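Printed here is entry08.cif (mmCIF, C-alpha atoms and all ligand atoms):
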```cif
data_final
loop_
_atom_site.label_atom_id
_atom_site.label_comp_id
_atom_site.auth_asym_id
_atom_site.auth_seq_id
_atom_site.Cartn_x
_atom_site.Cartn_y
_atom_site.Cartn_z
CA MET A 1386 0.00 0.00 0.00
CA ASN A 1387 1.12 3.56 -0.75
CA LEU A 1388 0.44 6.17 1.90
CA LYS A 1389 1.27 9.86 1.98
CA ILE A 1390 1.81 10.85 5.57
CA ALA A 1391 2.10 14.46 6.77
CA LEU A 1392 4.45 14.73 9.74
CA LEU A 1393 3.56 17.50 12.16
CA SER A 1394 5.83 16.86 15.10
CA GLY A 1395 5.21 20.22 16.77
CA ASP A 1396 6.61 21.37 20.10
CA GLY A 1397 8.47 20.06 23.15
CA VAL A 1398 9.09 16.32 22.98
CA GLY A 1399 6.88 16.04 19.86
CA PRO A 1400 9.79 15.73 17.41
CA GLU A 1401 11.61 13.13 19.55
CA VAL A 1402 8.65 10.81 20.01
CA THR A 1403 7.38 11.22 16.45
CA ALA A 1404 10.81 10.25 15.13
CA GLN A 1405 10.40 6.87 16.87
CA ALA A 1406 6.95 6.36 15.33
CA VAL A 1407 8.43 7.09 11.91
CA LYS A 1408 11.20 4.55 12.51
CA CYS A 1409 8.55 1.95 13.30
CA LEU A 1410 6.50 2.82 10.23
CA GLN A 1411 9.64 2.49 8.13
CA ALA A 1412 10.26 -0.92 9.65
CA VAL A 1413 6.68 -1.88 8.69
CA GLU A 1414 7.30 -0.59 5.17
CA GLU A 1415 10.32 -2.84 4.77
CA THR A 1416 8.95 -5.89 6.51
CA PHE A 1417 5.57 -5.90 4.79
CA GLY A 1418 6.49 -4.26 1.47
CA HIS A 1419 4.57 -0.97 1.62
CA GLN A 1420 5.49 2.50 0.53
CA PHE A 1421 5.04 5.36 2.92
CA THR A 1422 6.18 8.89 2.13
CA PHE A 1423 6.69 11.35 4.95
CA THR A 1424 6.55 15.12 4.48
CA SER A 1425 7.19 17.41 7.44
CA ALA A 1426 5.52 20.73 8.17
CA SER A 1427 5.48 23.03 11.16
CA VAL A 1428 2.68 23.60 13.64
CA GLY A 1429 2.30 25.09 17.12
CA ALA A 1430 4.75 27.34 18.97
CA ILE A 1431 7.51 26.60 16.51
CA ALA A 1432 5.26 27.67 13.63
CA ILE A 1433 4.39 30.88 15.49
CA GLU A 1434 8.10 31.65 15.75
CA GLU A 1435 8.67 30.92 12.09
CA THR A 1436 5.58 32.48 10.54
CA GLY A 1437 3.46 34.11 13.24
CA ASP A 1438 0.73 31.52 12.61
CA PRO A 1439 0.34 28.27 14.64
CA LEU A 1440 -1.14 26.59 11.54
CA PRO A 1441 0.52 28.03 8.45
CA GLU A 1442 -1.37 27.70 5.17
CA ALA A 1443 1.33 25.40 3.73
CA THR A 1444 0.89 23.01 6.67
CA LEU A 1445 -2.87 22.87 6.24
CA ASP A 1446 -2.51 22.33 2.48
CA LEU A 1447 -0.08 19.48 3.07
CA CYS A 1448 -2.46 17.80 5.54
CA LYS A 1449 -5.36 18.11 3.12
CA ALA A 1450 -3.29 16.54 0.33
CA SER A 1451 -2.08 13.64 2.52
CA ASP A 1452 -3.73 10.32 3.38
CA ALA A 1453 -3.00 10.79 7.07
CA VAL A 1454 -1.39 13.14 9.54
CA LEU A 1455 1.02 11.95 12.21
CA PHE A 1456 1.01 14.57 14.93
CA GLY A 1457 3.46 15.04 17.80
CA ALA A 1458 2.55 17.50 20.52
CA ILE A 1459 1.69 21.13 20.93
CA GLY A 1460 2.22 23.82 23.56
CA ASP A 1461 4.92 25.95 25.13
CA PRO A 1462 5.05 27.21 28.73
CA LYS A 1463 5.84 30.65 27.37
CA TYR A 1464 2.17 30.99 26.36
CA ASP A 1465 0.61 29.23 29.36
CA ASN A 1466 1.43 32.14 31.62
CA GLN A 1467 0.32 34.78 29.17
CA PRO A 1468 -3.46 34.99 29.38
CA ASP A 1469 -3.43 37.98 27.05
CA ALA A 1470 -1.57 36.29 24.19
CA LYS A 1471 -3.66 36.64 21.03
CA VAL A 1472 -1.92 33.82 19.20
CA ARG A 1473 -1.43 30.49 21.00
CA PRO A 1474 0.10 27.19 19.86
CA GLU A 1475 -3.07 25.22 20.75
CA GLN A 1476 -5.07 27.24 18.21
CA GLY A 1477 -3.05 25.44 15.52
CA LEU A 1478 -4.29 22.01 16.60
CA LEU A 1479 -7.86 23.16 17.18
CA ARG A 1480 -8.04 24.79 13.74
CA LEU A 1481 -6.49 21.73 12.15
CA ARG A 1482 -9.12 19.46 13.73
CA LYS A 1483 -11.88 21.77 12.52
CA GLU A 1484 -10.49 22.30 9.01
CA LEU A 1485 -9.98 18.56 8.46
CA GLY A 1486 -13.40 17.77 9.94
CA LEU A 1487 -11.95 15.38 12.54
CA PHE A 1488 -15.09 15.09 14.63
CA SER A 1489 -14.33 11.79 16.29
CA ASN A 1490 -11.40 11.29 18.63
CA ILE A 1491 -10.80 7.67 19.60
CA ARG A 1492 -8.73 7.03 22.72
CA PRO A 1493 -8.23 3.40 23.76
CA VAL A 1494 -7.36 2.70 27.39
CA GLN A 1495 -5.72 -0.64 28.09
CA VAL A 1496 -3.20 -2.07 30.50
CA PHE A 1497 -0.12 -3.87 29.31
CA PRO A 1498 0.11 -7.16 31.23
CA SER A 1499 3.80 -6.59 31.99
CA LEU A 1500 3.08 -3.16 33.46
CA LEU A 1501 0.43 -4.15 35.99
CA ASP A 1502 2.72 -3.10 38.83
CA GLN A 1503 3.54 0.32 37.39
CA SER A 1504 0.11 1.78 37.93
CA PRO A 1505 -0.55 3.82 41.07
CA LEU A 1506 -3.81 1.85 41.24
CA ARG A 1507 -4.05 -1.66 42.63
CA LYS A 1508 -3.50 -4.54 40.23
CA SER A 1509 -6.82 -6.13 41.22
CA ILE A 1510 -8.61 -2.96 40.08
CA ILE A 1511 -6.88 -2.37 36.77
CA LYS A 1512 -6.28 -5.92 35.52
CA GLY A 1513 -8.18 -6.56 32.27
CA THR A 1514 -9.10 -2.92 31.68
CA ASP A 1515 -10.03 -2.42 28.05
CA PHE A 1516 -12.22 0.49 27.08
CA VAL A 1517 -12.24 3.16 24.44
CA ILE A 1518 -13.29 6.77 24.70
CA TYR A 1519 -15.11 8.34 21.76
CA ARG A 1520 -14.58 12.04 22.33
CA GLU A 1521 -16.43 14.55 20.13
CA LEU A 1522 -13.66 16.76 18.79
CA THR A 1523 -14.93 19.66 16.70
CA GLY A 1524 -17.80 21.07 18.73
CA GLY A 1525 -18.92 21.97 22.23
CA ILE A 1526 -17.31 24.46 24.55
CA TYR A 1527 -14.00 24.34 22.70
CA PHE A 1528 -15.55 25.95 19.64
CA GLY A 1529 -18.52 27.98 20.93
CA GLU A 1530 -18.54 31.75 21.03
CA LYS A 1531 -16.07 33.28 23.49
CA THR A 1532 -16.48 36.68 25.05
CA LEU A 1533 -14.49 38.94 27.31
CA SER A 1534 -16.02 42.18 28.52
CA GLU A 1535 -14.15 45.36 27.75
CA ASP A 1536 -13.23 45.95 31.37
CA GLY A 1537 -11.90 42.39 31.54
CA THR A 1538 -14.12 41.33 34.46
CA ARG A 1539 -16.50 38.96 32.67
CA ALA A 1540 -15.76 36.07 30.32
CA SER A 1541 -17.81 33.31 28.73
CA ASP A 1542 -17.45 30.18 26.59
CA LEU A 1543 -20.55 28.83 24.96
CA CYS A 1544 -21.18 25.08 24.75
CA VAL A 1545 -23.19 24.36 21.62
CA TYR A 1546 -24.11 21.01 20.08
CA THR A 1547 -26.38 20.16 17.20
CA GLU A 1548 -28.20 16.90 16.61
CA LYS A 1549 -26.04 16.29 13.55
CA GLU A 1550 -22.78 16.70 15.49
CA ILE A 1551 -23.97 14.25 18.13
CA SER A 1552 -25.41 11.67 15.80
CA ARG A 1553 -22.39 11.29 13.51
CA ILE A 1554 -20.04 10.36 16.36
CA ALA A 1555 -22.73 8.34 18.14
CA HIS A 1556 -23.05 6.07 15.10
CA LEU A 1557 -19.28 5.47 15.12
CA ALA A 1558 -19.33 4.71 18.83
CA PHE A 1559 -22.25 2.27 18.53
CA LYS A 1560 -20.52 0.50 15.63
CA ALA A 1561 -17.38 0.20 17.73
CA ALA A 1562 -19.36 -1.20 20.67
CA LYS A 1563 -21.06 -3.71 18.37
CA GLY A 1564 -17.65 -5.11 17.46
CA ARG A 1565 -16.46 -5.13 21.10
CA LYS A 1566 -18.19 -5.89 24.40
CA LYS A 1567 -21.51 -4.39 23.25
CA LYS A 1568 -21.82 -1.73 25.90
CA LEU A 1569 -21.95 2.00 25.38
CA THR A 1570 -21.86 4.53 28.20
CA LEU A 1571 -22.84 8.11 27.43
CA VAL A 1572 -21.09 10.48 29.81
CA ASP A 1573 -22.66 13.90 30.31
CA LYS A 1574 -24.12 16.35 32.85
CA ALA A 1575 -27.74 15.94 31.83
CA ASN A 1576 -28.80 16.86 35.36
CA VAL A 1577 -27.50 20.40 34.73
CA LEU A 1578 -26.76 21.11 31.06
CA GLU A 1579 -29.28 21.52 28.25
CA SER A 1580 -26.67 20.41 25.69
CA SER A 1581 -26.24 17.17 27.67
CA ARG A 1582 -29.98 16.57 27.55
CA LEU A 1583 -29.81 16.88 23.76
CA TRP A 1584 -27.02 14.27 23.75
CA ARG A 1585 -29.26 11.91 25.75
CA ARG A 1586 -32.24 12.34 23.42
CA VAL A 1587 -30.22 11.90 20.23
CA VAL A 1588 -28.16 8.96 21.51
CA SER A 1589 -31.22 7.16 22.94
CA LYS A 1590 -32.95 7.39 19.57
CA ILE A 1591 -29.90 6.08 17.70
CA ALA A 1592 -29.65 3.19 20.18
CA GLU A 1593 -32.85 1.76 18.66
CA SER A 1594 -30.86 0.93 15.52
CA TYR A 1595 -28.27 -0.99 17.55
CA PRO A 1596 -30.41 -3.35 19.65
CA GLU A 1597 -27.44 -5.61 20.43
CA VAL A 1598 -25.63 -2.76 22.23
CA LYS A 1599 -26.57 -1.98 25.82
CA LEU A 1600 -26.71 1.77 26.38
CA ASP A 1601 -26.29 3.35 29.78
CA PHE A 1602 -25.71 6.85 31.12
CA LEU A 1603 -23.34 8.33 33.64
CA PHE A 1604 -22.89 11.87 34.90
CA ALA A 1605 -19.37 13.12 34.25
CA ASP A 1606 -18.50 13.58 37.93
CA ASN A 1607 -19.56 10.02 38.71
CA ALA A 1608 -17.74 8.77 35.59
CA ALA A 1609 -14.53 10.39 36.82
CA MET A 1610 -14.85 8.31 39.98
CA GLN A 1611 -15.96 5.07 38.29
CA ILE A 1612 -13.08 5.11 35.80
CA ILE A 1613 -10.54 4.60 38.55
CA LEU A 1614 -12.79 2.71 40.96
CA ASN A 1615 -13.86 0.01 38.52
CA PRO A 1616 -12.42 0.54 35.05
CA ARG A 1617 -13.39 -2.96 33.86
CA GLN A 1618 -17.07 -1.97 33.78
CA PHE A 1619 -16.49 0.15 30.66
CA ASP A 1620 -16.47 -0.81 27.01
CA VAL A 1621 -17.15 2.27 24.87
CA ILE A 1622 -17.51 5.68 26.49
CA LEU A 1623 -19.13 8.34 24.33
CA THR A 1624 -18.79 11.93 25.44
CA ASP A 1625 -18.37 15.55 24.45
CA ASN A 1626 -15.20 17.47 23.73
CA LEU A 1627 -14.39 18.78 27.22
CA PHE A 1628 -15.41 15.73 29.29
CA GLY A 1629 -13.52 13.51 26.84
CA ASP A 1630 -10.37 15.58 27.23
CA ILE A 1631 -10.48 15.32 31.00
CA LEU A 1632 -11.53 11.68 31.31
CA SER A 1633 -8.89 10.44 28.88
CA ASP A 1634 -6.06 12.00 30.90
CA GLU A 1635 -7.57 10.34 33.94
CA GLY A 1636 -7.79 7.04 32.05
CA SER A 1637 -4.07 7.16 31.41
CA VAL A 1638 -3.39 6.72 35.13
CA ILE A 1639 -4.75 3.18 34.90
CA GLY A 1640 -2.02 2.02 32.53
CA GLY A 1641 0.72 3.66 34.55
CA SER A 1642 1.72 6.57 32.32
CA ILE A 1643 0.16 9.13 30.04
CA GLY A 1644 3.09 8.33 27.77
CA LEU A 1645 1.30 5.13 26.73
CA LEU A 1646 -1.98 6.46 25.35
CA PRO A 1647 -2.47 6.97 21.62
CA SER A 1648 -5.39 8.46 19.74
CA ALA A 1649 -6.95 8.59 16.32
CA SER A 1650 -8.98 11.58 15.15
CA VAL A 1651 -11.16 10.78 12.21
CA GLY A 1652 -13.62 12.55 9.98
CA GLU A 1653 -15.27 11.81 6.67
CA GLN A 1654 -12.20 12.61 4.59
CA HIS A 1655 -9.18 12.88 6.82
CA ALA A 1656 -7.50 11.19 9.74
CA LEU A 1657 -4.89 12.32 12.23
CA PHE A 1658 -2.98 10.23 14.76
CA GLU A 1659 -1.40 11.62 17.91
CA PRO A 1660 -0.44 10.69 21.45
CA ILE A 1661 -2.85 12.12 24.02
CA HIS A 1662 0.00 13.63 26.04
CA GLY A 1663 1.17 17.20 25.70
CA SER A 1664 4.52 18.71 24.75
CA TYR A 1665 6.20 17.88 28.12
CA PRO A 1666 8.58 20.86 27.82
CA GLN A 1667 10.69 19.86 30.85
CA ALA A 1668 11.82 16.76 28.98
CA LYS A 1669 12.49 18.38 25.62
CA GLY A 1670 15.79 17.31 24.06
CA LYS A 1671 16.61 15.02 27.01
CA ASN A 1672 15.84 11.70 25.31
CA MET A 1673 13.57 10.72 28.20
CA ALA A 1674 9.97 11.01 26.94
CA ASN A 1675 8.08 7.78 26.40
CA PRO A 1676 7.67 7.18 22.64
CA VAL A 1677 5.09 4.39 23.08
CA ALA A 1678 2.00 6.64 22.78
CA SER A 1679 3.34 7.97 19.51
CA ILE A 1680 4.26 4.51 18.22
CA LEU A 1681 0.82 3.18 19.19
CA SER A 1682 -0.71 6.14 17.35
CA ALA A 1683 1.20 4.94 14.27
CA ALA A 1684 -0.29 1.48 14.88
CA MET A 1685 -3.76 3.07 14.93
CA LEU A 1686 -2.87 4.70 11.61
CA LEU A 1687 -2.03 1.28 10.14
CA ASP A 1688 -5.26 -0.16 11.49
CA HIS A 1689 -7.25 2.72 10.02
CA PHE A 1690 -6.03 1.76 6.55
CA GLY A 1691 -6.86 -1.91 7.10
CA LEU A 1692 -3.25 -2.92 7.77
CA THR A 1693 -4.29 -5.00 10.76
CA GLU A 1694 -1.42 -7.48 10.79
CA GLU A 1695 1.04 -4.63 10.51
CA ALA A 1696 -0.57 -2.85 13.44
CA GLN A 1697 -0.45 -6.06 15.47
CA ALA A 1698 3.23 -6.49 14.65
CA VAL A 1699 3.92 -3.03 16.08
CA VAL A 1700 1.96 -3.78 19.24
CA ALA A 1701 3.73 -7.14 19.62
CA ALA A 1702 7.11 -5.37 19.41
CA ILE A 1703 6.01 -2.91 22.09
CA ASN A 1704 4.90 -5.79 24.31
CA LYS A 1705 8.29 -7.37 23.85
CA SER A 1706 10.09 -4.18 24.88
CA MET A 1707 7.99 -3.99 28.03
CA LYS A 1708 8.55 -7.62 28.92
CA LYS A 1709 12.26 -7.04 28.61
CA GLY A 1710 12.08 -3.89 30.73
CA ILE A 1711 13.14 -1.68 27.83
CA VAL A 1712 11.02 1.26 28.93
CA THR A 1713 11.56 4.95 29.64
CA GLU A 1714 11.89 6.43 33.09
CA ASP A 1715 8.20 7.27 33.52
CA LEU A 1716 7.68 3.51 33.90
CA ASP A 1717 10.92 2.66 35.65
CA ALA A 1718 12.77 5.31 37.62
CA GLN A 1719 16.02 3.30 37.35
CA SER A 1720 15.74 2.86 33.61
CA LYS A 1721 18.83 3.32 31.49
CA TYR A 1722 16.80 3.49 28.30
CA GLY A 1723 15.71 6.70 26.62
CA THR A 1724 13.23 7.68 23.92
CA ASP A 1725 15.59 6.66 21.16
CA GLU A 1726 16.57 3.27 22.61
CA VAL A 1727 12.96 2.26 23.18
CA GLY A 1728 12.02 3.38 19.65
CA GLU A 1729 15.01 1.55 18.19
CA PHE A 1730 14.18 -1.66 20.03
CA VAL A 1731 10.54 -1.60 18.97
CA ALA A 1732 11.36 -0.79 15.33
CA SER A 1733 13.94 -3.54 15.07
CA ASN A 1734 11.54 -6.11 16.55
CA ILE A 1735 8.72 -5.57 14.08
CA VAL A 1736 8.29 -8.90 12.32
CA ASP A 1737 5.74 -10.44 10.00
CA SER A 1738 3.91 -13.00 12.14
CA ASP A 1739 4.06 -15.57 9.29
CA ASP A 1740 7.85 -15.40 9.45
CA TYR A 1741 7.61 -15.46 13.19
CA GLN A 1742 5.65 -18.71 13.23
CA SER A 1743 8.04 -20.44 10.86
CA MET A 1744 11.02 -19.44 12.97
C1 LIG B 1801 -5.60 16.94 23.82
C2 LIG B 1801 -4.98 18.24 24.25
C3 LIG B 1801 -5.60 19.39 23.48
C4 LIG B 1801 -7.09 19.42 23.82
C5 LIG B 1801 -4.96 20.75 23.70
C6 LIG B 1801 -3.48 20.74 23.40
C7 LIG B 1801 -5.64 21.85 22.92
O1 LIG B 1801 -5.10 18.41 25.62
O2 LIG B 1801 -5.52 16.61 22.62
O3 LIG B 1801 -6.15 16.23 24.66
O4 LIG B 1801 -7.49 20.01 24.83
O5 LIG B 1801 -7.86 18.85 23.05
MN MN B 1802 -5.94 16.69 26.68
#
```

I need this file expressed as structure tokens, please.
Ligand code: IPM
Ligand code: MN
Amino acid sequence: MNLKIALLSGDGVGPEVTAQAVKCLQAVEETFGHQFTFTSASVGAIAIEETGDPLPEATLDLCKASDAVLFGAIGDPKYDNQPDAKVRPEQGLLRLRKELGLFSNIRPVQVFPSLLDQSPLRKSIIKGTDFVIYRELTGGIYFGEKTLSEDGTRASDLCVYTEKEISRIAHLAFKAAKGRKKKLTLVDKANVLESSRLWRRVVSKIAESYPEVKLDFLFADNAAMQIILNPRQFDVILTDNLFGDILSDEGSVIGGSIGLLPSASVGEQHALFEPIHGSYPQAKGKNMANPVASILSAAMLLDHFGLTEEAQAVVAAINKSMKKGIVTEDLDAQSKYGTDEVGEFVASNIVDSDDYQSM
């Protein structure tokens, strides 16, 4: 298969971790006989420095002309403490999601068997966790009207959802549940928010077309508790943009590190793959960030294009690295392995399972 991949590695540790994902994709290319072309473009704080725009036109054009986008991370502390900054790195990612129509953000939460002891949560609680968050990505409070009064004493962010925005992601979530454990949990604040009540009405109606899937509802505050109290109860969680952002960071605690969680953002025409973690500026250039979330995002990319065996080969290589203790310091404080070593090990252990069996 030929794939044109736009590489937007972004800020902080983005370039370091994305480089490992590229290495792994190149190993897949060689092992399975595909052709991937990678073209880099700038986004985020680095793009602001270069062009004044966190999403330069050339970057957007490249993404639109590519089959997929592999994204690193975005954000710089310089802007976090500047509430008055007009241009911010995050705007680049938000605009990119909107422009590419990436309305559905898929964030799987699993535990690696060899990492059961790395989680701050008890093994008996996290063992067997396997759920996926479907986070709405181009609507809600992230994109509603924002206001700030002239005297600077009043601000607002509007949370708007339409039936169409809810139903298109709901269908994807129900389809996913149908192919998994057949349970879908809608997370909202329908006891308080009108937009949440719309989610409930729309999702309940759609549920009639998926009779094999059991639908239940959870308020977001309760969901935040349930996710770490009893994560095994979940299969597919469907939720809005803001709740999905928060709950997926929380979900990463289960597996032991936010450096393990990948995501896929898909729309009707485009797809983007990125780790859920941020730019981790303290670790920039230190060869210490965990590349696994980025490599798993590359595996999600392969899966998206139907390259299932290839994706499995990447995951198998990651499992092997973990079994051997070849992990970064977020998972083992004594570790002597860095971003590059973990990436190198995973890439060089990607094998075609047919060859593997005959070995
Ligand atoms: C994420 C990030 C982004 C978000 C930021 C960088 C804008 O936290 O992808 O989860 O809030 O969506
Ligand atoms: Mn986030």

_Give me, as an MDAnalysis selection string, the set of residues whose atoms come within 9 Å of any atom of ligand MN 1802 (chain B), counting all atoms listed in the file._
chainID A and resid 1627 1629:1634 1661:1663

*Quick one: residues within 10 Å of ligand LIG 1801 (chain B), with all atoms listed in the file, as a ChimeraX atom specification?*
/A:1429,1458-1460,1473-1480,1482,1490,1492,1520,1522-1523,1527,1626-1627,1629-1634,1648,1650,1659-1664

*Using all atoms listed in the file: which of A:Gly1457, A:Asn1607, A:Gln1618, A:Asp1542 has the shortest distance to Lys1568 in chain A*: A:Gln1618

*Between A:Ala1718, A:Ile1613, A:Val1731, A:Leu1687, single out the one closest to Ala1702 in chain A, counting all atoms listed in the file.*
A:Val1731

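Minimum atom-to-atom distances from A:Leu1501, A:Val1398, A:Leu1393, A:Val1598 to Asn1675 in chain A were compared using only C-alpha atoms, and the lowest value belongs to A:Val1398.
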
*Determine, counting only C-alpha atoms, which protein, DNA and RNA residues have an atom within 10 Å of an atom of range 1588-1592 of chain A; residues of the same chain fewer than 5 positions away are not included. Present the result as JSON, numbers by chain.*
{"A": [1548, 1551, 1552, 1554, 1555, 1556, 1559, 1569, 1571, 1582, 1583, 1597, 1598, 1599, 1600, 1601, 1602, 1623]}

_Please report the interatomic distance between CA of Glu1714 in chain A and CA of Ser1425 in chain A in Å with one decimal._
28.3 Å

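The two atoms in question, CA of Ile1680 in chain A and CA of Gly1636 in chain A, are spaced 18.5 Å apart.
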
*Do a neighbour search on Glu1521 in chain A at 6 Å with only C-alpha atoms, toss out local chain neighbours closer than 5 positions, and write the hits as a PyMOL selection string.*
chain A and resi 1488-1489+1625-1626

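CA of Leu1686 in chain A lies 17.0 Å from CA of Gly1728 in chain A.
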
Tell me which protein, DNA and RNA residues are within 9 Å of Ser1394 in chain A, counting only C-alpha atoms, leaving out same-chain ones fewer than 6 positions away, and put them as a compact mmCIF listing (two decimals) with C-alpha atoms, in the coordinates of the input.
```txt
# COMPACT_ATOMS: atom_id res chain seq x y z
CA PRO A 1400 9.79 15.73 17.41
CA GLU A 1401 11.61 13.13 19.55
CA VAL A 1402 8.65 10.81 20.01
CA THR A 1403 7.38 11.22 16.45
CA ALA A 1404 10.81 10.25 15.13
CA SER A 1425 7.19 17.41 7.44
CA ALA A 1426 5.52 20.73 8.17
CA SER A 1427 5.48 23.03 11.16
CA VAL A 1428 2.68 23.60 13.64
CA LEU A 1455 1.02 11.95 12.21
CA PHE A 1456 1.01 14.57 14.93
CA GLY A 1457 3.46 15.04 17.80
CA ALA A 1458 2.55 17.50 20.52
CA ILE A 1459 1.69 21.13 20.93
```

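By chain and then residue number, the residues within 10 Å of Val1494 in chain A are Thr1514, Asp1515, Phe1516, Val1517, Ile1518, Pro1616, Asp1620, Ser1633, Gly1636, Ser1637, Val1638, Ile1639, Gly1640, Leu1645, Leu1646, Pro1647 and Ser1648 of chain A, counting only C-alpha atoms and disregarding those fewer than 5 positions away in sequence.
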
*asked:* Residues within 8 Å of Thr1424 in chain A, please, as number ranges by chain. Count all atoms listed in the file; anything in the same chain fewer than 4 positions from it doesn't count.
replied: A: 1389-1392

*Quick one: of A:Glu1414, A:Gln1405, A:Ala1678, A:Leu1533, who's nearest to Gly1723 in chain A, counting all atoms listed in the file?*
A:Gln1405

Atom completion result for range 1492-1507 of chain A (N, CA and C atoms) as a PDB file, in the coordinates of the input:
```
ATOM      1  N   ARG A1492      -9.834   7.177  21.762  1.00  0.00           N
ATOM      2  CA  ARG A1492      -8.730   7.030  22.720  1.00  0.00           C
ATOM      3  C   ARG A1492      -8.855   5.721  23.495  1.00  0.00           C
ATOM      4  N   PRO A1493      -8.149   4.678  23.058  1.00  0.00           N
ATOM      5  CA  PRO A1493      -8.230   3.400  23.760  1.00  0.00           C
ATOM      6  C   PRO A1493      -7.453   3.420  25.072  1.00  0.00           C
ATOM      7  N   VAL A1494      -8.029   2.804  26.085  1.00  0.00           N
ATOM      8  CA  VAL A1494      -7.360   2.700  27.390  1.00  0.00           C
ATOM      9  C   VAL A1494      -7.223   1.228  27.744  1.00  0.00           C
ATOM     10  N   GLN A1495      -5.979   0.769  27.787  1.00  0.00           N
ATOM     11  CA  GLN A1495      -5.720  -0.640  28.090  1.00  0.00           C
ATOM     12  C   GLN A1495      -4.554  -0.727  29.054  1.00  0.00           C
ATOM     13  N   VAL A1496      -4.415  -1.887  29.702  1.00  0.00           N
ATOM     14  CA  VAL A1496      -3.200  -2.070  30.500  1.00  0.00           C
ATOM     15  C   VAL A1496      -2.328  -3.137  29.864  1.00  0.00           C
ATOM     16  N   PHE A1497      -1.057  -2.864  29.799  1.00  0.00           N
ATOM     17  CA  PHE A1497      -0.120  -3.870  29.310  1.00  0.00           C
ATOM     18  C   PHE A1497       0.138  -4.857  30.441  1.00  0.00           C
ATOM     19  N   PRO A1498      -0.045  -6.160  30.161  1.00  0.00           N
ATOM     20  CA  PRO A1498       0.110  -7.160  31.230  1.00  0.00           C
ATOM     21  C   PRO A1498       1.434  -7.013  31.976  1.00  0.00           C
ATOM     22  N   SER A1499       2.514  -6.657  31.275  1.00  0.00           N
ATOM     23  CA  SER A1499       3.800  -6.590  31.990  1.00  0.00           C
ATOM     24  C   SER A1499       3.958  -5.298  32.784  1.00  0.00           C
ATOM     25  N   LEU A1500       2.965  -4.416  32.719  1.00  0.00           N
ATOM     26  CA  LEU A1500       3.080  -3.160  33.460  1.00  0.00           C
ATOM     27  C   LEU A1500       2.093  -3.046  34.616  1.00  0.00           C
ATOM     28  N   LEU A1501       1.476  -4.198  34.957  1.00  0.00           N
ATOM     29  CA  LEU A1501       0.430  -4.150  35.990  1.00  0.00           C
ATOM     30  C   LEU A1501       0.917  -3.543  37.308  1.00  0.00           C
ATOM     31  N   ASP A1502       2.204  -3.644  37.567  1.00  0.00           N
ATOM     32  CA  ASP A1502       2.720  -3.100  38.830  1.00  0.00           C
ATOM     33  C   ASP A1502       3.133  -1.641  38.737  1.00  0.00           C
ATOM     34  N   GLN A1503       3.095  -1.074  37.540  1.00  0.00           N
ATOM     35  CA  GLN A1503       3.540   0.320  37.390  1.00  0.00           C
ATOM     36  C   GLN A1503       2.448   1.324  37.694  1.00  0.00           C
ATOM     37  N   SER A1504       1.207   0.854  37.717  1.00  0.00           N
ATOM     38  CA  SER A1504       0.110   1.780  37.930  1.00  0.00           C
ATOM     39  C   SER A1504       0.040   2.188  39.402  1.00  0.00           C
ATOM     40  N   PRO A1505      -0.326   3.437  39.674  1.00  0.00           N
ATOM     41  CA  PRO A1505      -0.550   3.820  41.070  1.00  0.00           C
ATOM     42  C   PRO A1505      -1.798   3.157  41.648  1.00  0.00           C
ATOM     43  N   LEU A1506      -2.607   2.548  40.767  1.00  0.00           N
ATOM     44  CA  LEU A1506      -3.810   1.850  41.240  1.00  0.00           C
ATOM     45  C   LEU A1506      -3.496   0.371  41.443  1.00  0.00           C
ATOM     46  N   ARG A1507      -4.285  -0.244  42.327  1.00  0.00           N
ATOM     47  CA  ARG A1507      -4.050  -1.660  42.630  1.00  0.00           C
ATOM     48  C   ARG A1507      -4.289  -2.551  41.404  1.00  0.00           C
TER      49      ARG A1507
END
```
